[in-house]
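Undergrad: Dropping the structure in here first, questions after.
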Amino acid sequence: MSSDKKLPKSDRNERLERLSRQALDAILPVEKFLPREENPDKGVDRSIEVIDENENFTNFRAQIQIKGTDKEKIKKDGSVSFPIETTNLNYLWNNLTSIYVLYIEPRKELRFVWLKDEIKRLDKEKPEWRNQGKITLKFLQILNNEIINQIYEQIVKEG
């Protein structure tokens, strides 16, 4: 399809965002989680609500910021680093149960970190991190069924 009209363009960032959301949706069991879009997005892409074993909606939720990358470099410790705006981290920190998810497109892999764990790490390794414009998160855990179950249990515990 060719057109002389000026039309909105799709770019790699926009496609990565869609691919990231699709990958996350695909791994979340529908019997355990109800994903909820956050519109307008002010720093949280979605929340996930826990559905209990009796199929009840619980309102126990985690907020999620989803990021995507084409870079697949893995560090010696097995982690993948990704820069995040400090303001976004501060925003998510206002909710106890917050998660960052990173989709690594070339690997078709999702990784995640609990924000509270990254705050502890940053406070220990770089106490002045709050004064920076960006900070680097370390994504070590690959999102799989076992980790999904741990996330479920943690959301229930904190709920």
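Residue numbering restarts at 1 for every chain of the structure tokens, chains are lettered A, B, ... in their displayed order, and ligands are numbered from 1 as they appear.
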Quick one: everything within 6 Å of range 99-112 of chain A, counting only C-alpha atoms, minus sequence neighbours fewer than 3 positions away in the same chain. Send it as a PyMOL selection string.

TA: chain A and resi 20+64-70+115+139+141-143

Undergrad: Using DSSP on the backbone coordinates, identify all residues within chain A classified as strand (DSSP E or B); present the result as a ChimeraX atom specification.

TA: /A:33-37,46-51,57-69,80-85,98-104,109-114,134-139,141-142

Undergrad: Deliver the residues from the most recent selection as a file, using C-alpha atoms, as a JSON list (two decimals), in the first residue's frame.

TA:
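Result went into result-v9.json, see below:
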```json
[["chain", "number", "residue", "atom", "x", "y", "z"],
["A", 33, "PHE", "CA", -4.19, -12.93, 37.08],
["A", 34, "LEU", "CA", -6.32, -10.22, 35.56],
["A", 35, "PRO", "CA", -4.06, -7.75, 33.74],
["A", 36, "ARG", "CA", -5.34, -4.17, 33.85],
["A", 37, "GLU", "CA", -4.11, -1.45, 31.51],
["A", 46, "ARG", "CA", -0.39, -2.08, 33.88],
["A", 47, "SER", "CA", -1.36, -3.72, 37.09],
["A", 48, "ILE", "CA", -2.09, -7.37, 37.64],
["A", 49, "GLU", "CA", -4.84, -8.44, 40.00],
["A", 50, "VAL", "CA", -4.73, -11.82, 41.71],
["A", 51, "ILE", "CA", -7.63, -14.23, 41.17],
["A", 57, "PHE", "CA", -11.17, -11.26, 42.19],
["A", 58, "THR", "CA", -9.19, -10.11, 45.23],
["A", 59, "ASN", "CA", -8.04, -6.57, 44.41],
["A", 60, "PHE", "CA", -4.56, -7.71, 45.49],
["A", 61, "ARG", "CA", -2.43, -6.07, 42.82],
["A", 62, "ALA", "CA", 1.09, -5.38, 41.67],
["A", 63, "GLN", "CA", 1.95, -2.44, 39.46],
["A", 64, "ILE", "CA", 4.17, -3.18, 36.49],
["A", 65, "GLN", "CA", 6.41, -1.05, 34.32],
["A", 66, "ILE", "CA", 7.23, -2.93, 31.11],
["A", 67, "LYS", "CA", 10.37, -2.17, 29.11],
["A", 68, "GLY", "CA", 11.67, -3.70, 25.91],
["A", 69, "THR", "CA", 15.10, -3.91, 24.33],
["A", 80, "VAL", "CA", 20.85, -7.83, 31.99],
["A", 81, "SER", "CA", 21.18, -4.11, 32.73],
["A", 82, "PHE", "CA", 18.63, -1.54, 31.65],
["A", 83, "PRO", "CA", 18.52, 2.21, 32.38],
["A", 84, "ILE", "CA", 15.41, 3.66, 34.02],
["A", 85, "GLU", "CA", 14.52, 7.27, 34.71],
["A", 98, "SER", "CA", 5.83, -2.87, 42.12],
["A", 99, "ILE", "CA", 7.63, -4.82, 39.43],
["A", 100, "TYR", "CA", 9.76, -3.97, 36.42],
["A", 101, "VAL", "CA", 9.56, -6.39, 33.50],
["A", 102, "LEU", "CA", 12.12, -6.35, 30.69],
["A", 103, "TYR", "CA", 11.40, -8.03, 27.37],
["A", 104, "ILE", "CA", 14.58, -8.96, 25.48],
["A", 109, "GLU", "CA", 12.73, -13.58, 26.98],
["A", 110, "LEU", "CA", 11.06, -11.77, 29.87],
["A", 111, "ARG", "CA", 12.99, -10.86, 32.99],
["A", 112, "PHE", "CA", 11.78, -9.14, 36.09],
["A", 113, "VAL", "CA", 12.83, -7.43, 39.30],
["A", 114, "TRP", "CA", 10.89, -6.45, 42.38],
["A", 134, "LYS", "CA", 18.80, 7.67, 35.37],
["A", 135, "ILE", "CA", 19.73, 4.54, 37.22],
["A", 136, "THR", "CA", 20.48, 1.05, 35.95],
["A", 137, "LEU", "CA", 18.36, -1.89, 37.03],
["A", 138, "LYS", "CA", 19.81, -5.40, 37.04],
["A", 139, "PHE", "CA", 17.44, -7.99, 35.65],
["A", 141, "GLN", "CA", 15.46, -13.53, 37.09],
["A", 142, "ILE", "CA", 13.87, -14.96, 33.98]]
```

Undergrad: Using CA of Leu89 in chain A and CA of Val30 in chain A as the two end points, give the distance in Å to one decimal.

TA: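 Between these atoms lies a distance of 27.8 Å.
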
Undergrad: Which parts of range 13-80 of chain A does DSSP call alpha helix (DSSP H) when run on the backbone here, written out as a count of residues only?

TA: 15

Undergrad: When you look at Thr86 in chain A with a cut-off of 9 Å (counting only C-alpha atoms), what residues show up, excluding the ones that are within fewer than 3 positions of it in the same chain? I need them as a list in words.

TA: Leu89, Asn90, Tyr91, Trp129, Arg130, Asn131, Gln132, Gly133, Lys134 and Ile135 of chain A

Undergrad: With only C-alpha atoms as the atoms that count, which of A:Glu118, A:Trp93, A:Leu140, A:Asn88 lies nearest to Ile74 in chain A?

TA: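 Closest to Ile74 in chain A of all the choices is A:Leu140.
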